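Chemist: I'd like to ask you about the structure that follows.
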Amino acid sequence: MSTPSPTSGTNAAPLLTGGMGKKRTGLFALCAVTLVSAAVAACAPDADAPADDEIFAGENDITGTNNKMGLRLVYDETSHRVNASVKKKLKTGDALRLRVRRGRLTIESQHELDCMQLDVAPALPLAEGATSVTYQGPVVDPDLLASVYNQDWIMGNVAPRMLAQLAVDGADAIVEACIVNDTTATVKAKLQTSLQYAWDAADPNIDPQYIQRQSLGFMTDTPSATVHAMHSMENYGAECVKELGDIPFFESQGAGAWGTYDCSTAATTPSCDAAQWSNVAGACKPGAKIAVAKNAQGTQWTMMCRGAGENKRFDDIAMIGHDPKSGKTCFFQNKLYDGTDGARIPHPADVEKSRHVWDAPKGYCVTCHSSGPYVRSPWIDAANVVPVVASSSAPYSVVHASAQGAARVGGSSWEMPKSLVSSEVSSCTSCHRIGGGAALAHYPALAIAAPHHFGAHLWGDATSHAALARIQACAADANAEGCVWAAVNQGQQ
């Protein structure tokens, strides 16, 4: 798009700096002090000059959430439509184009979007008192509101046909819109984001620019009207930063923007003589990476990249943030087998880059991480870098879990499994929390310090044998006689 040439001279003022009814500077201020001269006529604004929101300094003024046209996308739960809004009515010849689809969001995909492939969206009647114009998008297929990752993906039961379908379809529910002059094909605004981010945009209490918010009473037993679910990783990631502090892996590049992290630079975990216990991304593979860092608040951040392939690709990328003082924890999971770029892992709250790797927030993590934020195994312990939780009574909670669970964000309840506290296991629980849920049901040794983990000699006395028997019985049937469960200490919320 062409822009007006700057006025000559070292003290030249900008051509346009405000809209109608706003205080003018630049040439308008110059005109005000020269009204008595013959140049008055030359100072009159050109009726054909572009509006101030159409003078762009570059690509960043056109593309992304901060585009100068004020293009914004919102998913409306009532109508089941994605609508677009702009600051004011478009000019004659301009059209707003909009599409919703399954696909793959990457760092490059928004810039590469072909706007002319999108359908034209009609303008809705201007509501009384409205300052922006809304354009109606299509009804959203309910399947796009659900994750492509079901229990089979989570438990590692991944068939070749599933991988083939994912490679074709992608894991993201995408909403995208452009403002285009259909005569000249000039793109004036371009925005591509996730359906979940557009969903959050419908809630005025969730700030899309990540301005520091007041506490909203998170983790209450019964969510109040002031507790708001966050469907997008961008907003949930920002909430985690608010609660846990900065993530040291990512260098800040201004408000809501960070550099990326290269997981290949992290420490390589030991070889697979002690295989990993997670089924995600298959059996233990050589070349897995793990990085640990602590921020000024004392929060411990752990990044794990598994399933290494060529070109720094990792099938499974996960991150945990845990504040040992408050117990507050956040879990982040990549788009399994899809968001695999380990060389450019974005900050989860980066509104332009997050979905290059990260999936929407999920509540299923605590079903396996029920004893604490870290799942211990011989393989991971051999790396000797994962933090150790202080004791079985240490506080442990997931940030914003009550509101997330009430809205079933990610298709799960976000409920923290209770811990086993039967009297027979007291010799174990004096130091260790024995979490229930999938961890105990599928991987009982994760919670019970099984003989092949710590050595058979540790189970030699009658008290230990009784504890082991009780744990195994409760792992097989949580409702068996003698299985006593208690809520986890979630600390002060």
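As shown in the structure tokens, the chain order sets the letters A, B, ...; within each chain, residues go from 1, and ligands are also counted from 1 in the order they appear.
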List every residue of segment 222-425 of chain A that DSSP, applied to the backbone, labels as strand (DSSP E), and write the result as a ChimeraX atom specification.
Modeler: /A:267-268,289-294,300-308,314-322,328-333,397-398,419-420
Chemist: Could you pull the residues within 9 Å of Cys474 of chain A, counting only C-alpha atoms, minus those fewer than 2 positions along the same chain, as a PyMOL selection string?
Modeler: chain A and resi 420+436+440-441+469-472+476-484
Chemist: Please list as a short mmCIF file (atom, residue, chain, number, x, y, z; two decimals) with N, CA and C atoms, in the first residue's frame every residue within 12 Å of Ile154 of chain A, counting only C-alpha atoms and excluding residues in the same chain fewer than 3 positions away.
Modeler:
```cif
data_model
loop_
_atom_site.label_atom_id
_atom_site.label_comp_id
_atom_site.auth_asym_id
_atom_site.auth_seq_id
_atom_site.Cartn_x
_atom_site.Cartn_y
_atom_site.Cartn_z
N SER A 147 -11.19 -30.69 21.25
CA SER A 147 -9.81 -31.01 20.90
C SER A 147 -9.76 -32.24 20.01
N VAL A 148 -8.78 -32.30 19.14
CA VAL A 148 -8.58 -33.49 18.31
C VAL A 148 -7.95 -34.61 19.13
N TYR A 149 -7.45 -34.28 20.32
CA TYR A 149 -6.74 -35.26 21.13
C TYR A 149 -7.67 -35.91 22.16
N ASN A 150 -8.03 -37.17 21.91
CA ASN A 150 -8.86 -37.90 22.85
C ASN A 150 -7.97 -38.74 23.77
N GLN A 151 -8.59 -39.64 24.54
CA GLN A 151 -7.85 -40.43 25.52
C GLN A 151 -6.79 -41.32 24.88
N ASN A 157 -1.87 -44.43 22.86
CA ASN A 157 -2.40 -45.44 21.94
C ASN A 157 -2.62 -44.80 20.56
N VAL A 158 -1.53 -44.46 19.91
CA VAL A 158 -1.57 -43.69 18.67
C VAL A 158 -1.36 -44.62 17.47
N SER A 278 6.13 -42.47 30.88
CA SER A 278 5.05 -41.89 30.09
C SER A 278 4.94 -42.61 28.76
N ASN A 279 3.71 -42.93 28.35
CA ASN A 279 3.49 -43.57 27.06
C ASN A 279 3.44 -42.55 25.93
N VAL A 280 3.36 -41.27 26.27
CA VAL A 280 3.25 -40.24 25.25
C VAL A 280 4.51 -40.24 24.39
N ALA A 281 4.32 -40.17 23.08
CA ALA A 281 5.40 -40.18 22.10
C ALA A 281 6.15 -41.51 22.07
N GLY A 282 5.48 -42.57 22.54
CA GLY A 282 6.06 -43.90 22.43
C GLY A 282 7.06 -44.19 23.53
N ASP A 316 6.67 -34.69 21.54
CA ASP A 316 6.04 -34.35 22.82
C ASP A 316 6.86 -33.27 23.50
N GLN A 333 1.16 -28.27 27.38
CA GLN A 333 1.41 -29.41 26.50
C GLN A 333 1.35 -28.95 25.05
N ASN A 334 2.25 -29.48 24.25
CA ASN A 334 2.24 -29.13 22.83
C ASN A 334 1.11 -29.83 22.10
N LYS A 335 0.91 -29.45 20.86
CA LYS A 335 0.02 -30.17 19.97
C LYS A 335 0.76 -31.44 19.58
N LEU A 336 0.46 -32.54 20.25
CA LEU A 336 1.22 -33.78 20.10
C LEU A 336 1.38 -34.16 18.63
N TYR A 337 2.60 -34.43 18.24
CA TYR A 337 2.94 -34.85 16.88
C TYR A 337 2.62 -33.78 15.82
N LYS A 362 -5.38 -27.78 29.07
CA LYS A 362 -6.02 -29.06 29.35
C LYS A 362 -6.02 -29.33 30.86
N GLY A 363 -7.04 -30.01 31.33
CA GLY A 363 -7.12 -30.34 32.75
C GLY A 363 -6.72 -31.75 33.08
N TYR A 364 -6.40 -32.56 32.07
CA TYR A 364 -6.11 -33.97 32.32
C TYR A 364 -4.74 -34.20 32.96
N CYS A 365 -3.88 -33.20 32.97
CA CYS A 365 -2.51 -33.40 33.47
C CYS A 365 -2.51 -33.93 34.90
N THR A 367 -4.44 -35.90 36.36
CA THR A 367 -4.82 -37.30 36.54
C THR A 367 -3.59 -38.19 36.67
N CYS A 368 -2.48 -37.78 36.06
CA CYS A 368 -1.22 -38.50 36.24
C CYS A 368 -0.30 -37.79 37.23
N ALA A 438 -5.44 -41.57 37.44
CA ALA A 438 -4.81 -42.44 36.44
C ALA A 438 -3.40 -42.84 36.83
#
```
Chemist: Please provide the set of residues having any atom within 10 Å of Pro417 of chain A, restricted to only C-alpha atoms, with same-chain residues fewer than 6 positions apart removed, written as a VMD selection string.
Modeler: chain A and resid 366 to 371 435 to 439 485 to 488
Chemist: Write out, as a PDB file, in the first residue's frame, the residues just selected, with C-alpha atoms.
Modeler:
```pdb
ATOM      1  CA  VAL A 366      -3.410 -33.830  37.158  1.00  0.00           C
ATOM      2  CA  THR A 367      -4.817 -37.301  36.537  1.00  0.00           C
ATOM      3  CA  CYS A 368      -1.218 -38.505  36.239  1.00  0.00           C
ATOM      4  CA  HIS A 369       0.491 -35.680  38.139  1.00  0.00           C
ATOM      5  CA  SER A 370      -1.672 -36.376  41.197  1.00  0.00           C
ATOM      6  CA  SER A 371       1.108 -36.887  43.756  1.00  0.00           C
ATOM      7  CA  GLY A 435      -2.010 -39.488  44.489  1.00  0.00           C
ATOM      8  CA  GLY A 436      -5.017 -41.262  43.056  1.00  0.00           C
ATOM      9  CA  GLY A 437      -6.430 -41.045  39.573  1.00  0.00           C
ATOM     10  CA  ALA A 438      -4.813 -42.436  36.439  1.00  0.00           C
ATOM     11  CA  ALA A 439      -1.332 -42.329  37.968  1.00  0.00           C
ATOM     12  CA  TRP A 485      -8.895 -40.842  50.493  1.00  0.00           C
ATOM     13  CA  ALA A 486      -8.414 -37.175  51.427  1.00  0.00           C
ATOM     14  CA  ALA A 487      -8.373 -33.931  49.469  1.00  0.00           C
ATOM     15  CA  VAL A 488      -4.949 -32.546  48.616  1.00  0.00           C
TER      16      VAL A 488
END
```
Chemist: Could you state the separation of atom CA of Ser426 of chain A and atom CA of Trp414 of chain A in Å, given to one decimal place?
Modeler: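 Taking atom CA of Ser426 of chain A as the start and atom CA of Trp414 of chain A as the end point, the length is 27.3 Å.
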Chemist: Taking only C-alpha atoms into account, which of A:Val292, A:Met116, A:Ile179, A:Leu144 comes nearest Leu71 of chain A?
Modeler: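 Going through A:Val292, A:Met116, A:Ile179, A:Leu144 one by one, the smallest distance to Leu71 of chain A is for A:Ile179.
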Chemist: Skip Ser194 of chain A itself and residues of its chain fewer than 6 positions away, then list as a list in words all residues within 7 Å of it, counting only C-alpha atoms.
Modeler: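 The neighbour list is Asp172, Ala173, Ile174 and Val175 of chain A.
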Chemist: At what distance in Å, to one decimal, does atom CA of Phe314 of chain A lie from atom CA of Ser397 of chain A?
Modeler: 28.1 Å
Chemist: Counting only C-alpha atoms, what is within 9 Å of Asp141 of chain A, bar same-chain residues fewer than 5 positions away, as number ranges by chain?
Modeler: A: 80, 100-101
Chemist: In Å, how far is it from atom CA of Ala343 of chain A to atom CA of Val168 of chain A?
Modeler: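 One can read the atom CA of Ala343 of chain A to atom CA of Val168 of chain A distance as 22.6 Å.
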Chemist: For Cys263 of chain A, list every protein, DNA or RNA residue within 10 Å, evaluated using only C-alpha atoms, and leave out those in the same chain fewer than 2 positions away; present the list as an NGL selection string.
Modeler: :A and (249 or 260-261 or 265-268 or 288-291 or 303-305 or 312-314 or 317 or 341-345)
